[in-house]
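Written below as structure tokens is the structure these notes are about.
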Amino acid sequence: MATITSHGAAGVVTGSCHLFSIEKGARILIDCGMFQGSEEERNYGPFHFDPSEIDYLLVTHAHLDHIGRIPKLVKEGFKGTIYATEATAELAEIIFLDSAKIMKEDYETRYKKAQRRGSEEEERLPLYDEDDIETTFGLDWYVCEYDKPVEIEEGLHVTYRDAGHILGSAFLEITYQERGVEQTIVFSGDIGNDNDIVQQDLSECTHADTLYVESTYGDRNHQSMENTIAEFKKVVIETLNDWGNVLIPSFAIERTQEILCLLKEMHDRKELPQCQIFLDSPMATRATEVYNNYAHLLSKKCQEYKERDGSIFDFEWLEYTPDVEASKKINEFDRRTIIIAGSGMCTGGRILHHFKNRLWNRKNTVIFVGYQVEGTLGRHLVDGARWVKIFREDIVVKATVHTINGFSAHADQNAIIRWISRMDGLTRIFLIHGERDKQIILRSVLENVFNQKVHIVEPEEVIYL
């Protein structure tokens with residue numbers, strides 16, 4: 001009998017990692033992501049399985065919480081084939097290199113502090129380095145195209161469908177033979193919000209016997225995209241007209257590109273007051289280049305920008321600051337700037353420097369446009385913190401803090417219900433990738449709508465199919 005064991009994203013949002021084992025057959029890992037926020041210590045523990053015994057790794061998309069431990073998996077013995085879309089593979093390299101850089105810098109900082117205090121305890125080494133990343137890309141990567149079934153081995157197929165989440169993202173339809181009967185299990189990965197700014201819409205799934213579905217926003221519905229964009233524009237315009245600065249902690253992949261598209265549209269429509277816009281994130285800059293190369297997979301608006309301007313995102317007020325010196329020069333602009341910088345949850349990156357220099361000024365505004373995991377600085381600010389500690393210095397929070405959740409790249413409750421309602425043959429629904437309180441709400445709603453039991457997956461729980 002086939003089994004699925006969730007070694008991450010069970011009862012929590014991050015660390016996606018699910019082991020699908022077919023009786024007397026393949027052992028397939030779906031994603032191998034990092035834990036974030038209050039769960040990040042789990043990254044340094046051992047896998048609860050032997051990486052060398054995994055035959056295949058199926059990657060849904062290139063967010064850190066879905067791919068961040070893949071080089072660690074390889075380092076500890078995985079030698080199988082990796083399946084992903086071409087765009088996901090390109091973005092994954094950017095994510096891996098940035099992650100390795102941050103871990104190395106953190107290690108060096110901790111080591112120096114330990115030396116100064118005379119500690120003899122060994123500092124924890126990074127999960128992986130650039131050599132491990134090179135080894136990872138030296139493995140066999142199979143490029144999957146949307147809607148084209150791939151035979152992994154006899155009787156076992158996977159079809160990648162557009163998840164509408166980020167560039168290259170997919171939900172997976174896996175078909176396999178169980179005692180002479182074909183079964184289909186669907187893993188949602190992260191499914192999108194159909195906001196049509198950058199991504200194309202989430203594809204339909206017409207059949208599944210078993211469904212593993214994300215539940216990040218399973219307890220609520222987003223405000224409409226029309227209202228979301230109107231709110232974003234209002235905050236930006238009012239702040240700039242008051243000669244303040246707008247700080248946007250943004251995820252390098254997808255959210256940054258959405259914000260750039262909106263700002264370009266505002267500029268074209270002469271809605272945006274004269275200002276200077278900085279994309280102060282090397283990783284986001286590289287990711288934006290990748291997006292520009294895959295315009296054919298993006299929204300109609302993005303395709304039109306690419307055809308008209310030769311670039312989806314560039315316009316005259318936008319400046320990229322890839323190196324440290326260019327980033328520091330942003331401090332010379334004390335009014336009417338829009339600064340987009342990582343990390344999206346404010347756990348590191350250049351946004352912290354901008355917070356230190358601007359968070360205390362009541363004329364400035366912080367706009368959160370993405371989910372903030374518990375335990376992160378971003379979550380503290382969203383929850384109303386009046387003081388924060390940045391680089392060992394207490395900073396008073398006088399800037400106005402706005403949370404605009406309608407930009408979410410995750411499906412809300414209604415979108416999840418609509419997606420599931422189109423599936424024929426569905427007999428089992430399992431909830432993953434969400435905080436427990438939100439999953440309890442979604443479970444109750446789904447059970448009422450579909451009149452069947454819905455199960456919240458526990459960490460390390462073995463599900464027999």
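Ligands are numbered from 1 in the order shown, chains are lettered A, B, ... in the order of the structure tokens, and residues start at 1 in each chain.
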### Message
Please return, as a count of residues only, all residues of stretch 125-357 of chain A that DSSP assigns to helix (DSSP H, G or I) on the basis of the backbone.
### Response
80
Stretch 210-257 of chain A residues near stretch 178-198 of chain A within 6 Å, closest pair each, using only C-alpha atoms, as a tab-separated table:
```
residue	atom	partner	partner_atom	distance
A:Thr210	CA	A:Ile185	CA	4.7
A:Leu211	CA	A:Val186	CA	4.9
A:Tyr212	CA	A:Phe187	CA	4.9
A:Val213	CA	A:Ser188	CA	5.0
```
For stretch 214-222 of chain A: contacts at 6 Å, only C-alpha atoms, fewer than 3 positions along chain excluded, given as a PDB file with N, CA and C atoms, in the first residue's frame:
```
ATOM      1  N   GLY A 406      -4.341  41.547   0.019  1.00  0.00           N
ATOM      2  CA  GLY A 406      -4.956  41.145  -1.238  1.00  0.00           C
ATOM      3  C   GLY A 406      -3.974  40.775  -2.320  1.00  0.00           C
ATOM      4  N   ASP A 412      -7.249  32.123  -1.458  1.00  0.00           N
ATOM      5  CA  ASP A 412      -7.986  32.289  -0.208  1.00  0.00           C
ATOM      6  C   ASP A 412      -9.010  31.156  -0.083  1.00  0.00           C
ATOM      7  N   GLN A 413      -9.844  31.256   0.952  1.00  0.00           N
ATOM      8  CA  GLN A 413     -10.781  30.159   1.221  1.00  0.00           C
ATOM      9  C   GLN A 413     -11.712  29.889   0.044  1.00  0.00           C
ATOM     10  N   ILE A 432      -2.393  20.627   4.433  1.00  0.00           N
ATOM     11  CA  ILE A 432      -0.995  20.862   4.774  1.00  0.00           C
ATOM     12  C   ILE A 432      -0.722  22.352   4.604  1.00  0.00           C
ATOM     13  N   HIS A 433       0.517  22.760   4.939  1.00  0.00           N
ATOM     14  CA  HIS A 433       1.002  24.101   4.616  1.00  0.00           C
ATOM     15  C   HIS A 433       0.087  25.187   5.172  1.00  0.00           C
ATOM     16  N   GLY A 434      -0.110  25.168   6.502  1.00  0.00           N
ATOM     17  CA  GLY A 434      -0.928  26.194   7.128  1.00  0.00           C
ATOM     18  C   GLY A 434      -0.793  26.142   8.640  1.00  0.00           C
ATOM     19  N   LYS A 438      -5.896  28.066  11.465  1.00  0.00           N
ATOM     20  CA  LYS A 438      -6.486  28.323  10.145  1.00  0.00           C
ATOM     21  C   LYS A 438      -6.951  27.021   9.495  1.00  0.00           C
ATOM     22  N   ILE A 441     -10.364  25.908  10.825  1.00  0.00           N
ATOM     23  CA  ILE A 441     -11.466  26.643  10.200  1.00  0.00           C
ATOM     24  C   ILE A 441     -11.735  26.113   8.798  1.00  0.00           C
ATOM     25  N   LEU A 442     -10.673  25.929   8.005  1.00  0.00           N
ATOM     26  CA  LEU A 442     -10.856  25.437   6.636  1.00  0.00           C
ATOM     27  C   LEU A 442     -11.438  24.033   6.632  1.00  0.00           C
TER      28      LEU A 442
END
```
### Members of stretch 301-355 of chain A assigned strand (DSSP E) by DSSP, as a list of chain:residue names
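The strand (DSSP E) residues within stretch 301-355 of chain A come out as A:Leu318, A:Glu319, A:Tyr320, A:Thr337, A:Ile338, A:Ile339, A:Ile340, A:Ala341.
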### Task
Mind checking which residues fall within 8 Å of stretch 367-369 of chain A, counting only C-alpha atoms, ignoring those fewer than 6 positions away in the same chain, and posting them as a ChimeraX atom specification?
/A:246-250,255,378,382,401-408
With N, CA and C atoms kept, could you save the residues just selected as a compact mmCIF listing (two decimals), in the first residue's frame?
```txt
# COMPACT_ATOMS: atom_id res chain seq x y z
N VAL A 246 8.30 55.47 1.14
CA VAL A 246 7.55 54.21 1.22
C VAL A 246 8.55 53.06 1.26
N LEU A 247 8.48 52.25 2.31
CA LEU A 247 9.34 51.07 2.44
C LEU A 247 8.50 49.83 2.21
N ILE A 248 8.93 49.00 1.27
CA ILE A 248 8.17 47.79 0.94
C ILE A 248 9.08 46.57 1.11
N PRO A 249 8.97 45.86 2.25
CA PRO A 249 9.68 44.58 2.37
C PRO A 249 9.01 43.59 1.42
N SER A 250 9.77 43.07 0.50
CA SER A 250 9.11 42.28 -0.55
C SER A 250 9.90 41.02 -0.86
N ARG A 255 6.26 38.77 -5.71
CA ARG A 255 5.70 39.98 -5.13
C ARG A 255 6.42 41.22 -5.63
N GLY A 378 8.87 40.97 10.66
CA GLY A 378 7.71 41.45 9.92
C GLY A 378 6.42 41.19 10.68
N VAL A 382 3.62 43.89 12.01
CA VAL A 382 2.22 43.75 11.62
C VAL A 382 1.33 43.68 12.87
N VAL A 401 2.36 51.62 9.55
CA VAL A 401 2.51 50.27 9.03
C VAL A 401 1.18 49.82 8.42
N HIS A 402 1.22 49.47 7.14
CA HIS A 402 0.03 48.98 6.44
C HIS A 402 0.25 47.53 6.02
N THR A 403 -0.77 46.73 6.14
CA THR A 403 -0.75 45.36 5.63
C THR A 403 -1.80 45.26 4.53
N ILE A 404 -1.36 44.93 3.32
CA ILE A 404 -2.28 44.80 2.19
C ILE A 404 -2.23 43.35 1.71
N ASN A 405 -3.12 42.53 2.27
CA ASN A 405 -3.06 41.08 2.03
C ASN A 405 -3.63 40.65 0.69
N GLY A 406 -4.34 41.55 0.02
CA GLY A 406 -4.96 41.15 -1.24
C GLY A 406 -3.97 40.77 -2.32
N PHE A 407 -2.70 41.16 -2.15
CA PHE A 407 -1.69 40.79 -3.14
C PHE A 407 -1.28 39.34 -3.03
N SER A 408 -1.75 38.66 -2.02
CA SER A 408 -1.24 37.33 -1.74
C SER A 408 -1.21 36.44 -2.97
```
### Counting only C-alpha atoms, the option among A:Ile4, A:Ile351, A:Cys17, A:Leu426 closest to A:Glu461
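Looking only at the distances to A:Glu461, the closest residue turns out to be A:Ile4.
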#### Entry: Nearest to A:Glu154 by atom-to-atom distance, counting only C-alpha atoms, from A:Leu446, A:Met1, A:Ile417, A:Ala26
A:Ala26
### Query
Between A:Asp314, A:Asp140, A:Asp394, A:Asp242, which one has atoms that come closest to A:Lys356, using only C-alpha atoms?
A:Asp394
Using 9 Å as the limit and counting only C-alpha atoms, can you tabulate each residue of stretch 212-249 of chain A that touches stretch 262-273 of chain A, with its shortest atom-to-atom distance in Å and the two atoms involved, as a tab-separated table?
```
residue	atom	partner	partner_atom	distance
A:Ile229	CA	A:Leu262	CA	8.0
A:Lys233	CA	A:Met266	CA	8.0
A:Val236	CA	A:Leu272	CA	8.2
A:Ile237	CA	A:Leu272	CA	6.5
A:Leu240	CA	A:Pro273	CA	6.7
A:Asn241	CA	A:Pro273	CA	7.0
```
Same residues, N, CA and C atoms, output as a short mmCIF file (atom, residue, chain, number, x, y, z; two decimals), in the first residue's frame:
```
data_model
loop_
_atom_site.label_atom_id
_atom_site.label_comp_id
_atom_site.auth_asym_id
_atom_site.auth_seq_id
_atom_site.Cartn_x
_atom_site.Cartn_y
_atom_site.Cartn_z
N ILE A 229 -5.52 47.05 -5.07
CA ILE A 229 -4.72 47.99 -5.87
C ILE A 229 -5.07 49.43 -5.50
N LYS A 233 -2.37 52.11 -4.06
CA LYS A 233 -2.14 53.40 -4.71
C LYS A 233 -2.38 54.55 -3.74
N VAL A 236 0.55 54.88 -1.21
CA VAL A 236 1.76 55.36 -1.87
C VAL A 236 1.64 56.84 -2.21
N ILE A 237 0.53 57.22 -2.83
CA ILE A 237 0.35 58.61 -3.27
C ILE A 237 0.31 59.56 -2.08
N LEU A 240 3.89 59.95 -0.55
CA LEU A 240 4.78 60.75 -1.39
C LEU A 240 4.36 62.22 -1.40
N ASN A 241 3.07 62.48 -1.43
CA ASN A 241 2.59 63.86 -1.42
C ASN A 241 2.90 64.56 -0.09
#
```
